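Asker: Structure provided below as structure tokens; questions to follow.
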Amino acid sequence: MELFEVDKDSESKKCGGCNWHVDHVYLLAENQEQADMAFKESGEEDDDPRGLCGDCMAKMLMEEKYDVTAKPKAAERTATA
Ligand SMILES: [Zn+2]
């Protein structure tokens, strides 16, 4: 999975973790399409879709002990090209 920014075009975004209005919200997904879909689906019940702010995302990754690979994919691609 990778981290994707969602709801880029919206003026006002709210973090689903801390409820703060933030400049960027993120979701974990396999690709951007999936992230956008998950974002949309998160708003189906209350018409208020949410991602997580950087702070909440980092907290979740830490608390759930996610395995984070800190290797840029772009660099990988360049290396094999
Ligand atoms: Zn937050």
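Residue numbering restarts at 1 in every chain; chains get A, B, ... in the order shown in the structure tokens, and ligands count up from 1 in that same order.
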Can you list every residue in chain A that DSSP puts in alpha helix (DSSP H), as a ChimeraX atom specification?
Answerer: /A:32-41,54-63,73-80
Asker: Using only C-alpha atoms and all ligand atoms, which residues of chain A come within 8 Å of ligand 1, and what is the closest atom pair for each, with the distance in Å to one decimal? Give it as a Markdown table, sorted by chain and residue number.
Answerer:
| residue | atom | partner | partner_atom_place_in_ligand_line | distance |
| --- | --- | --- | --- | --- |
| A:Lys14 | CA | ligand 1 | 1 (Zn) | 7.9 |
| A:Cys15 | CA | ligand 1 | 1 (Zn) | 4.6 |
| A:Gly16 | CA | ligand 1 | 1 (Zn) | 6.3 |
| A:Gly17 | CA | ligand 1 | 1 (Zn) | 4.5 |
| A:Cys18 | CA | ligand 1 | 1 (Zn) | 4.0 |
| A:Asn19 | CA | ligand 1 | 1 (Zn) | 6.1 |
| A:Trp20 | CA | ligand 1 | 1 (Zn) | 6.0 |
| A:Val22 | CA | ligand 1 | 1 (Zn) | 7.8 |
| A:Leu52 | CA | ligand 1 | 1 (Zn) | 5.4 |
| A:Cys53 | CA | ligand 1 | 1 (Zn) | 4.2 |
| A:Gly54 | CA | ligand 1 | 1 (Zn) | 6.7 |
| A:Asp55 | CA | ligand 1 | 1 (Zn) | 5.6 |
| A:Cys56 | CA | ligand 1 | 1 (Zn) | 4.3 |
| A:Met57 | CA | ligand 1 | 1 (Zn) | 7.2 |
Asker: Taking C-alpha atoms for each residue, export the selection above as a CSV table (one decimal), in the first residue's frame.
Answerer:
chain,number,residue,atom,x,y,z
A,14,LYS,CA,-11.6,17.9,7.5
A,15,CYS,CA,-9.5,15.2,9.1
A,16,GLY,CA,-11.4,12.1,10.2
A,17,GLY,CA,-9.1,11.6,13.1
A,18,CYS,CA,-8.9,14.9,14.9
A,19,ASN,CA,-11.7,16.8,13.1
A,20,TRP,CA,-9.4,19.7,12.4
A,22,VAL,CA,-6.4,20.9,7.3
A,52,LEU,CA,-6.5,11.8,7.6
A,53,CYS,CA,-4.2,14.7,8.2
A,54,GLY,CA,-0.5,14.1,8.3
A,55,ASP,CA,-0.4,14.1,12.1
A,56,CYS,CA,-3.2,11.5,12.4
A,57,MET,CA,-1.8,9.4,9.6
Asker: Could you name the residues that touch stretch 35-38 of chain A at 8 Å or less, counting only C-alpha atoms, but leaving out those on the same chain fewer than 4 positions away, as a list in words?
Answerer: Phe4, Glu5, Val6, Asp7, Leu27, Leu28, Ala29, Glu30, Asn31 and Ser42 of chain A
Asker: Convert the current residue selection to file output with C-alpha atoms, as a CSV table (one decimal), in the first residue's frame.
Answerer:
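File result_37.csv, as written:
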chain,number,residue,atom,x,y,z
A,4,PHE,CA,-2.1,9.1,-1.4
A,5,GLU,CA,-3.5,12.6,-1.0
A,6,VAL,CA,-7.3,12.7,-1.5
A,7,ASP,CA,-9.8,15.5,-1.9
A,27,LEU,CA,-5.5,7.7,2.7
A,28,LEU,CA,-3.6,4.4,2.4
A,29,ALA,CA,-4.5,2.5,-0.8
A,30,GLU,CA,-3.0,0.5,-3.7
A,31,ASN,CA,-3.3,3.4,-6.1
A,42,SER,CA,-16.2,7.2,3.6
Asker: Hey, can you check how far atom CA of A:His21 sits from atom CA of A:Asp9?
Answerer: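 Distance reported for this atom pair: 14.4 Å.
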Asker: I need the residues in chain A that are strand (DSSP E or B) according to DSSP; give them as a PyMOL selection string.
Answerer: chain A and resi 2-6+13-15+21-22+25-29+51-52
Asker: Those same residues - N, CA and C atoms - I'd like them written as a compact mmCIF listing (two decimals), in the first residue's frame.
Answerer:
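And here's result.txt as it stands now:
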# COMPACT_ATOMS: atom_id res chain seq x y z
N GLU A 2 0.28 2.28 -0.50
CA GLU A 2 0.98 3.56 -0.51
C GLU A 2 0.08 4.65 0.04
N LEU A 3 0.71 5.75 0.34
CA LEU A 3 -0.02 6.90 0.87
C LEU A 3 -0.42 7.82 -0.28
N PHE A 4 -1.69 8.18 -0.33
CA PHE A 4 -2.14 9.09 -1.38
C PHE A 4 -2.89 10.26 -0.78
N GLU A 5 -2.72 11.41 -1.41
CA GLU A 5 -3.49 12.56 -0.99
C GLU A 5 -4.85 12.47 -1.67
N VAL A 6 -5.91 12.74 -0.91
CA VAL A 6 -7.26 12.72 -1.48
C VAL A 6 -7.91 14.08 -1.30
N LYS A 13 -11.23 20.86 3.89
CA LYS A 13 -11.12 19.44 4.19
C LYS A 13 -11.00 19.24 5.68
N LYS A 14 -11.60 18.16 6.10
CA LYS A 14 -11.59 17.88 7.52
C LYS A 14 -10.94 16.52 7.76
N CYS A 15 -10.10 16.46 8.77
CA CYS A 15 -9.46 15.20 9.12
C CYS A 15 -10.43 14.32 9.90
N HIS A 21 -9.70 21.18 10.53
CA HIS A 21 -9.65 21.54 9.12
C HIS A 21 -8.20 21.70 8.74
N VAL A 22 -7.81 20.97 7.69
CA VAL A 22 -6.40 20.93 7.33
C VAL A 22 -6.22 21.19 5.84
N VAL A 25 -5.27 16.03 3.17
CA VAL A 25 -5.70 14.79 3.83
C VAL A 25 -5.23 13.59 3.00
N TYR A 26 -4.95 12.51 3.67
CA TYR A 26 -4.36 11.34 3.03
C TYR A 26 -5.12 10.06 3.35
N LEU A 27 -4.93 9.06 2.48
CA LEU A 27 -5.46 7.73 2.74
C LEU A 27 -4.45 6.71 2.24
N LEU A 28 -4.48 5.52 2.84
CA LEU A 28 -3.65 4.42 2.38
C LEU A 28 -4.42 3.61 1.36
N ALA A 29 -3.79 3.32 0.23
CA ALA A 29 -4.46 2.52 -0.81
C ALA A 29 -3.41 1.94 -1.74
N GLY A 51 -10.42 12.12 5.00
CA GLY A 51 -9.13 11.45 4.97
C GLY A 51 -8.47 11.74 6.31
N LEU A 52 -7.19 11.46 6.41
CA LEU A 52 -6.49 11.75 7.65
C LEU A 52 -5.42 12.82 7.40
